[in-house]
>>> print(open('coords-v3.cif').read())   # mmCIF, C-alpha atoms
data_my_file
loop_
_atom_site.group_PDB
_atom_site.id
_atom_site.type_symbol
_atom_site.label_atom_id
_atom_site.label_comp_id
_atom_site.auth_asym_id
_atom_site.auth_seq_id
_atom_site.Cartn_x
_atom_site.Cartn_y
_atom_site.Cartn_z
ATOM 1 C CA MET D 91 5.303 -0.506 17.340
ATOM 2 C CA THR D 92 1.867 -1.520 16.109
ATOM 3 C CA ILE D 93 1.248 -3.918 13.282
ATOM 4 C CA GLN D 94 -1.244 -2.674 10.736
ATOM 5 C CA ARG D 95 -3.698 -5.433 9.934
ATOM 6 C CA LYS D 96 -5.951 -5.805 6.944
ATOM 7 C CA PRO D 97 -9.692 -5.951 7.493
ATOM 8 C CA ARG D 98 -11.181 -9.420 7.269
ATOM 9 C CA LEU D 99 -14.143 -8.801 5.037
ATOM 10 C CA THR D 100 -15.825 -11.838 3.563
ATOM 11 C CA HIS D 101 -18.313 -11.854 0.719
ATOM 12 C CA ALA D 102 -21.049 -12.723 3.218
ATOM 13 C CA LYS D 103 -20.285 -9.640 5.320
ATOM 14 C CA VAL D 104 -20.211 -7.419 2.237
ATOM 15 C CA HIS D 105 -23.545 -8.859 1.128
ATOM 16 C CA ARG D 106 -24.942 -8.013 4.566
ATOM 17 C CA LEU D 107 -23.757 -4.404 4.137
ATOM 18 C CA LYS D 108 -26.091 -3.894 1.176
ATOM 19 C CA ARG D 109 -28.863 -3.323 3.729
ATOM 20 C CA LEU D 110 -27.238 -0.068 4.878
ATOM 21 C CA LEU D 111 -28.994 3.119 3.876
ATOM 22 C CA ASN D 112 -27.580 6.372 2.519
ATOM 23 C CA MET D 113 -27.202 7.899 5.987
ATOM 24 C CA ASN D 114 -24.489 8.321 8.585
ATOM 25 C CA TYR D 115 -23.962 5.518 11.085
ATOM 26 C CA LYS D 116 -21.978 5.410 14.306
ATOM 27 C CA VAL D 117 -18.966 3.123 14.426
ATOM 28 C CA THR D 118 -20.790 0.978 16.991
ATOM 29 C CA GLU D 119 -23.705 0.479 14.598
ATOM 30 C CA ILE D 120 -21.384 -0.594 11.779
ATOM 31 C CA ALA D 121 -19.554 -2.948 14.161
ATOM 32 C CA GLU D 122 -22.873 -4.439 15.233
ATOM 33 C CA GLU D 123 -23.880 -4.945 11.600
ATOM 34 C CA LEU D 124 -20.586 -6.702 10.819
ATOM 35 C CA ASP D 125 -20.646 -8.624 14.124
ATOM 36 C CA ILE D 126 -17.171 -7.403 15.131
ATOM 37 C CA ALA D 127 -15.751 -5.306 17.979
ATOM 38 C CA THR D 128 -15.669 -1.525 17.679
ATOM 39 C CA SER D 129 -11.941 -1.586 18.437
ATOM 40 C CA THR D 130 -11.477 -3.636 15.260
ATOM 41 C CA ILE D 131 -12.965 -0.816 13.224
ATOM 42 C CA TYR D 132 -10.722 1.777 14.871
ATOM 43 C CA ASP D 133 -7.595 -0.426 14.633
ATOM 44 C CA THR D 134 -7.970 -2.003 11.185
ATOM 45 C CA TYR D 135 -10.782 -0.600 9.053
ATOM 46 C CA ILE D 136 -10.139 3.141 9.484
ATOM 47 C CA PRO D 137 -6.342 2.873 8.886
ATOM 48 C CA ALA D 138 -7.094 0.715 5.812
ATOM 49 C CA GLY D 139 -9.005 3.608 4.247
ATOM 50 C CA MET D 140 -12.606 3.114 5.347
ATOM 51 C CA PRO D 141 -14.609 6.214 4.318
ATOM 52 C CA CYS D 142 -15.591 8.068 7.469
ATOM 53 C CA ILE D 143 -16.120 11.590 8.775
ATOM 54 C CA GLN D 144 -14.838 12.892 12.094
ATOM 55 C CA ASP D 145 -16.882 15.652 13.716
ATOM 56 C CA GLU D 146 -15.725 18.401 16.091
ATOM 57 C CA LYS D 147 -16.200 16.111 19.106
ATOM 58 C CA LYS D 148 -13.848 13.528 17.525
ATOM 59 C CA HIS D 149 -16.691 11.075 16.847
ATOM 60 C CA TYR D 150 -16.530 9.012 13.667
ATOM 61 C CA TRP D 151 -19.503 8.774 11.311
ATOM 62 C CA VAL D 152 -19.743 6.344 8.418
ATOM 63 C CA ASN D 153 -22.022 6.743 5.420
ATOM 64 C CA GLY D 154 -23.700 3.384 4.801
ATOM 65 C CA GLN D 155 -23.591 3.323 1.007
ATOM 66 C CA ASP D 156 -20.029 4.676 0.817
ATOM 67 C CA PHE D 157 -18.883 1.999 3.263
ATOM 68 C CA CYS D 158 -20.665 -0.721 1.280
ATOM 69 C CA GLU D 159 -18.987 0.390 -1.974
ATOM 70 C CA TRP D 160 -15.584 0.571 -0.256
ATOM 71 C CA ALA D 161 -16.029 -2.923 1.198
ATOM 72 C CA GLN D 162 -17.021 -4.361 -2.189
ATOM 73 C CA GLN D 163 -13.991 -2.776 -3.818
ATOM 74 C CA PHE D 164 -11.734 -3.963 -0.979
ATOM 75 C CA VAL D 165 -12.901 -7.574 -1.304
ATOM 76 C CA THR D 166 -12.622 -7.695 -5.093
ATOM 77 C CA THR D 167 -9.184 -6.045 -5.323
ATOM 78 C CA ARG D 168 -7.324 -7.871 -2.572
ATOM 79 C CA GLN D 169 -4.687 -10.141 -3.973
ATOM 80 C CA ARG D 170 -3.952 -13.603 -2.658
ATOM 81 C CA LYS D 171 -0.530 -15.109 -3.040
ATOM 82 C CA PRO D 172 -0.469 -18.004 -5.466
ATOM 83 C CA LYS D 173 0.271 -21.298 -3.766
ATOM 84 C CA SER D 174 3.656 -22.738 -4.581
ATOM 85 C CA MET D 175 4.254 -26.451 -4.694
ATOM 86 C CA MET D 176 6.841 -27.805 -2.280
ATOM 87 C CA ALA D 177 9.152 -30.658 -3.080
ATOM 88 C CA SER D 178 8.505 -33.826 -1.139
ATOM 89 C CA ASN D 179 11.579 -33.234 1.062
ATOM 90 C CA GLN D 180 10.412 -29.744 2.084
ATOM 91 C CA ALA D 181 8.074 -28.653 4.881
ATOM 92 C CA PHE D 182 6.630 -25.390 6.178
ATOM 93 C CA CYS D 183 7.939 -24.193 9.545
ATOM 94 C CA THR D 184 5.140 -22.487 11.443
ATOM 95 C CA ARG D 185 7.560 -20.702 13.762
ATOM 96 C CA CYS D 186 9.795 -19.161 11.056
ATOM 97 C CA LYS D 187 6.987 -18.938 8.463
ATOM 98 C CA THR D 188 9.322 -20.274 5.781
ATOM 99 C CA VAL D 189 9.588 -23.332 3.570
ATOM 100 C CA ILE D 190 12.617 -25.365 4.621
ATOM 101 C CA VAL D 191 14.380 -28.511 3.460
ATOM 102 C CA VAL D 192 13.880 -31.104 6.174
ATOM 103 C CA SER D 193 17.280 -32.430 7.139
ATOM 104 C CA SER D 194 17.755 -35.684 9.059
ATOM 105 C CA SER D 195 14.128 -36.541 8.459
ATOM 106 C CA ARG D 196 12.275 -39.512 9.826
ATOM 107 C CA VAL D 197 9.694 -41.205 7.644
ATOM 108 C CA SER D 198 6.814 -43.182 9.088
ATOM 109 C CA GLN D 199 5.385 -46.274 7.490
ATOM 110 C CA ALA D 200 2.892 -45.649 4.689
ATOM 111 C CA ASN D 201 -0.771 -45.907 5.672
ATOM 112 C CA TYR D 202 -3.452 -47.650 3.600
ATOM 113 C CA ASN D 203 -3.771 -44.590 1.329
ATOM 114 C CA GLY D 204 -0.053 -44.610 0.552
ATOM 115 C CA ILE D 205 0.773 -41.517 2.608
ATOM 116 C CA VAL D 206 3.855 -41.181 4.804
ATOM 117 C CA ARG D 207 4.627 -38.679 7.543
ATOM 118 C CA LEU D 208 7.870 -36.805 7.030
ATOM 119 C CA SER D 209 9.150 -35.240 10.261
ATOM 120 C CA GLY D 210 12.356 -33.543 11.292
ATOM 121 C CA ARG D 211 13.808 -30.294 12.600
ATOM 122 C CA CYS D 212 13.873 -26.814 11.105
ATOM 123 C CA SER D 213 17.391 -25.778 10.141
ATOM 124 C CA ILE D 214 16.700 -22.147 11.125
ATOM 125 C CA CYS D 215 14.923 -22.276 14.497
ATOM 126 C CA ASN D 216 15.342 -25.970 15.396
ATOM 127 C CA SER D 217 11.619 -26.535 15.985
ATOM 128 C CA LYS D 218 9.821 -29.718 15.006
ATOM 129 C CA VAL D 219 8.260 -29.762 11.540
ATOM 130 C CA SER D 220 6.226 -32.440 9.866
ATOM 131 C CA ARG D 221 4.437 -32.992 6.630
ATOM 132 C CA PHE D 222 2.323 -35.692 5.031
ATOM 133 C CA VAL D 223 3.525 -36.770 1.581
ATOM 134 C CA LYS D 224 2.442 -39.410 -0.901
ATOM 135 C CA ALA D 225 4.857 -42.307 -0.586
ATOM 136 C CA LYS D 226 5.373 -42.589 -4.361
ATOM 137 C CA GLU D 227 6.377 -38.923 -4.672
ATOM 138 C CA TYR D 228 8.757 -39.185 -1.719
ATOM 139 C CA GLU D 229 10.453 -42.268 -3.135
ATOM 140 C CA ASN D 230 10.750 -40.650 -6.592
ATOM 141 C CA ASP D 231 12.393 -37.512 -5.130
ATOM 142 C CA ARG D 232 14.794 -39.602 -3.021
ATOM 143 C CA ALA D 233 15.852 -41.586 -6.085
ATOM 144 C CA LYS D 234 16.791 -38.400 -7.981
#
>>> encode(input="coords-v3.cif", output="structure tokens")
Amino acid sequence: MTIQRKPRLTHAKVHRLKRLLNMNYKVTEIAEELDIATSTIYDTYIPAGMPCIQDEKKHYWVNGQDFCEWAQQFVTTRQRKPKSMMASNQAFCTRCKTVIVVSSSRVSQANYNGIVRLSGRCSICNSKVSRFVKAKEYENDRAK
């Protein structure tokens, strides 16, 4: 079972692609231009819909301008998830990849900026989680 990954195209890489001409390039040449491995192109870019042509010898060829237009469209249309605000008694578990309510939490003493460290255990996988919270917000949420 392979996980299909999305290409990591930044605006800087797309800007660099504007130098490509209206001609066919080898996958290795495109990889060199993007400063990535050729396996990354085969594993992520082609399954994501990169415009390419496969000849009778099973070699891939990429038109420079078509690839540049595809990359620009890919960067502008990708959607990022909006960040959600967590309550002061919640933390993000990096093992489960979920937001959890920290139960039996320990709170460190506030530092000079008024920030406390909230630490505890994940209720799902029992791993350690911690989060830095403003002391005023934590006290307000505890009072409610």
>>> resolve_selection(input="coords-v3.cif", expression="the PyMOL selection byres ((chain D and resi 164) around 12)", output="list in words")
Lys96, Pro97, Arg98, Leu99, Thr100, His101, Val104, Tyr135, Ala138, Gly139, Met140, Pro141, Phe157, Cys158, Glu159, Trp160, Ala161, Gln162, Gln163, Val165, Thr166, Thr167, Arg168 and Gln169 of chain D
>>> write_last_selection(input="coords-v3.cif", atoms="C-alpha atoms", output="PDB file, keeping the file's coordinate frame")
ATOM      1  CA  LYS D  96      -5.951  -5.805   6.944  1.00  0.00           C
ATOM      2  CA  PRO D  97      -9.692  -5.951   7.493  1.00  0.00           C
ATOM      3  CA  ARG D  98     -11.181  -9.420   7.269  1.00  0.00           C
ATOM      4  CA  LEU D  99     -14.143  -8.801   5.037  1.00  0.00           C
ATOM      5  CA  THR D 100     -15.825 -11.838   3.563  1.00  0.00           C
ATOM      6  CA  HIS D 101     -18.313 -11.854   0.719  1.00  0.00           C
ATOM      7  CA  VAL D 104     -20.211  -7.419   2.237  1.00  0.00           C
ATOM      8  CA  TYR D 135     -10.782  -0.600   9.053  1.00  0.00           C
ATOM      9  CA  ALA D 138      -7.094   0.715   5.812  1.00  0.00           C
ATOM     10  CA  GLY D 139      -9.005   3.608   4.247  1.00  0.00           C
ATOM     11  CA  MET D 140     -12.606   3.114   5.347  1.00  0.00           C
ATOM     12  CA  PRO D 141     -14.609   6.214   4.318  1.00  0.00           C
ATOM     13  CA  PHE D 157     -18.883   1.999   3.263  1.00  0.00           C
ATOM     14  CA  CYS D 158     -20.665  -0.721   1.280  1.00  0.00           C
ATOM     15  CA  GLU D 159     -18.987   0.390  -1.974  1.00  0.00           C
ATOM     16  CA  TRP D 160     -15.584   0.571  -0.256  1.00  0.00           C
ATOM     17  CA  ALA D 161     -16.029  -2.923   1.198  1.00  0.00           C
ATOM     18  CA  GLN D 162     -17.021  -4.361  -2.189  1.00  0.00           C
ATOM     19  CA  GLN D 163     -13.991  -2.776  -3.818  1.00  0.00           C
ATOM     20  CA  VAL D 165     -12.901  -7.574  -1.304  1.00  0.00           C
ATOM     21  CA  THR D 166     -12.622  -7.695  -5.093  1.00  0.00           C
ATOM     22  CA  THR D 167      -9.184  -6.045  -5.323  1.00  0.00           C
ATOM     23  CA  ARG D 168      -7.324  -7.871  -2.572  1.00  0.00           C
ATOM     24  CA  GLN D 169      -4.687 -10.141  -3.973  1.00  0.00           C
TER      25      GLN D 169
END
>>> atom_distance(input="coords-v3.cif", atom1="atom CA of D:Pro137", atom2="atom CA of D:Thr184")
28.0 Å
>>> atom_distance(input="coords-v3.cif", atom1="atom CA of D:Asn203", atom2="atom CA of D:Glu227")
13.1 Å
>>> resolve_selection(input="coords-v3.cif", expression="the PyMOL selection byres ((chain D and resi 204) around 8)", output="ChimeraX atom specification")
/D:200-203,205-206,224-226
>>> write_last_selection(input="coords-v3.cif", atoms="C-alpha atoms", output="PDB file, in the coordinates of the input")
ATOM      1  CA  ALA D 200       2.892 -45.649   4.689  1.00  0.00           C
ATOM      2  CA  ASN D 201      -0.771 -45.907   5.672  1.00  0.00           C
ATOM      3  CA  TYR D 202      -3.452 -47.650   3.600  1.00  0.00           C
ATOM      4  CA  ASN D 203      -3.771 -44.590   1.329  1.00  0.00           C
ATOM      5  CA  ILE D 205       0.773 -41.517   2.608  1.00  0.00           C
ATOM      6  CA  VAL D 206       3.855 -41.181   4.804  1.00  0.00           C
ATOM      7  CA  LYS D 224       2.442 -39.410  -0.901  1.00  0.00           C
ATOM      8  CA  ALA D 225       4.857 -42.307  -0.586  1.00  0.00           C
ATOM      9  CA  LYS D 226       5.373 -42.589  -4.361  1.00  0.00           C
TER      10      LYS D 226
END
>>> atom_distance(input="coords-v3.cif", atom1="atom CA of D:Gln155", atom2="atom CA of D:Leu110")
6.3 Å
>>> closest_residue(input="coords-v3.cif", among="D:Phe222, D:Gln199, D:Ser209, D:His149", to="D:Met176", atoms="only C-alpha atoms")
D:Phe222
>>> resolve_selection(input="coords-v3.cif", expression="the PyMOL selection byres ((chain D and resi 114) around 7)", output="PyMOL selection string")
chain D and resi 113+115-116+151-154
>>> closest_residue(input="coords-v3.cif", among="D:Asn216, D:Asn112, D:Ser178, D:Gln94", to="D:Tyr132", atoms="only C-alpha atoms")
D:Gln94
>>> residues_near_point(input="coords-v3.cif", point="(11.0, -33.4, 11.2)", cutoff="9 Å", atoms="all atoms listed in the file", output="PyMOL selection string")
chain D and resi 181+192-197+208-212+217-221
>>> write_last_selection(input="coords-v3.cif", atoms="C-alpha atoms", output="tab-separated table (two decimals), keeping the file's coordinate frame")
chain	number	residue	atom	x	y	z
D	181	ALA	CA	8.07	-28.65	4.88
D	192	VAL	CA	13.88	-31.10	6.17
D	193	SER	CA	17.28	-32.43	7.14
D	194	SER	CA	17.76	-35.68	9.06
D	195	SER	CA	14.13	-36.54	8.46
D	196	ARG	CA	12.28	-39.51	9.83
D	197	VAL	CA	9.69	-41.20	7.64
D	208	LEU	CA	7.87	-36.80	7.03
D	209	SER	CA	9.15	-35.24	10.26
D	210	GLY	CA	12.36	-33.54	11.29
D	211	ARG	CA	13.81	-30.29	12.60
D	212	CYS	CA	13.87	-26.81	11.10
D	217	SER	CA	11.62	-26.54	15.98
D	218	LYS	CA	9.82	-29.72	15.01
D	219	VAL	CA	8.26	-29.76	11.54
D	220	SER	CA	6.23	-32.44	9.87
D	221	ARG	CA	4.44	-32.99	6.63
>>> closest_residue(input="coords-v3.cif", among="D:Ser129, D:Thr188, D:Ser213, D:Asn179", to="D:Tyr228", atoms="only C-alpha atoms")
D:Asn179
>>> closest_residue(input="coords-v3.cif", among="D:Cys183, D:Ala102, D:Ile143, D:Ile190", to="D:Leu124", atoms="all atoms listed in the file")
D:Ala102
>>> decode(input="coords-v3.cif", residues="stretch 194-210 of chain D", atoms="N, CA and C atoms", output="mmCIF file, in the first residue's frame")
data_model
loop_
_atom_site.group_PDB
_atom_site.id
_atom_site.type_symbol
_atom_site.label_atom_id
_atom_site.label_comp_id
_atom_site.auth_asym_id
_atom_site.auth_seq_id
_atom_site.Cartn_x
_atom_site.Cartn_y
_atom_site.Cartn_z
ATOM 1 N N SER D 194 -5.523 15.166 33.773
ATOM 2 C CA SER D 194 -4.505 15.093 34.829
ATOM 3 C C SER D 194 -3.254 15.874 34.420
ATOM 4 N N SER D 195 -3.468 17.130 34.081
ATOM 5 C CA SER D 195 -2.369 17.945 33.580
ATOM 6 C C SER D 195 -1.552 18.535 34.717
ATOM 7 N N ARG D 196 -0.300 18.760 34.426
ATOM 8 C CA ARG D 196 0.601 19.448 35.327
ATOM 9 C C ARG D 196 0.895 20.808 34.716
ATOM 10 N N VAL D 197 0.922 21.820 35.550
ATOM 11 C CA VAL D 197 1.154 23.179 35.087
ATOM 12 C C VAL D 197 2.423 23.693 35.749
ATOM 13 N N SER D 198 3.347 24.181 34.921
ATOM 14 C CA SER D 198 4.574 24.742 35.476
ATOM 15 C C SER D 198 4.333 26.174 35.913
ATOM 16 N N GLN D 199 5.286 26.710 36.627
ATOM 17 C CA GLN D 199 5.179 28.083 37.099
ATOM 18 C C GLN D 199 5.321 29.036 35.912
ATOM 19 N N ALA D 200 4.589 30.139 35.963
ATOM 20 C CA ALA D 200 4.609 31.101 34.860
ATOM 21 C C ALA D 200 5.991 31.751 34.754
ATOM 22 N N ASN D 201 6.467 31.932 33.522
ATOM 23 C CA ASN D 201 7.742 32.614 33.327
ATOM 24 C C ASN D 201 7.528 34.116 33.316
ATOM 25 N N TYR D 202 8.553 34.889 33.026
ATOM 26 C CA TYR D 202 8.451 36.351 33.095
ATOM 27 C C TYR D 202 7.499 36.930 32.050
ATOM 28 N N ASN D 203 7.170 36.185 31.015
ATOM 29 C CA ASN D 203 6.208 36.645 30.012
ATOM 30 C C ASN D 203 4.776 36.231 30.358
ATOM 31 N N GLY D 204 4.596 35.532 31.446
ATOM 32 C CA GLY D 204 3.262 35.091 31.839
ATOM 33 C C GLY D 204 2.791 33.873 31.079
ATOM 34 N N ILE D 205 3.713 32.983 30.729
ATOM 35 C CA ILE D 205 3.373 31.778 29.971
ATOM 36 C C ILE D 205 3.657 30.556 30.837
ATOM 37 N N VAL D 206 2.709 29.623 30.856
ATOM 38 C CA VAL D 206 2.872 28.390 31.615
ATOM 39 C C VAL D 206 2.951 27.211 30.647
ATOM 40 N N ARG D 207 3.578 26.143 31.118
ATOM 41 C CA ARG D 207 3.666 24.918 30.320
ATOM 42 C C ARG D 207 2.653 23.932 30.868
ATOM 43 N N LEU D 208 1.739 23.535 30.009
ATOM 44 C CA LEU D 208 0.707 22.566 30.345
ATOM 45 C C LEU D 208 1.169 21.225 29.800
ATOM 46 N N SER D 209 1.329 20.225 30.649
ATOM 47 C CA SER D 209 1.778 18.912 30.176
ATOM 48 C C SER D 209 0.923 17.826 30.805
ATOM 49 N N GLY D 210 0.811 16.728 30.092
ATOM 50 C CA GLY D 210 -0.003 15.610 30.564
ATOM 51 C C GLY D 210 0.129 14.433 29.611
#
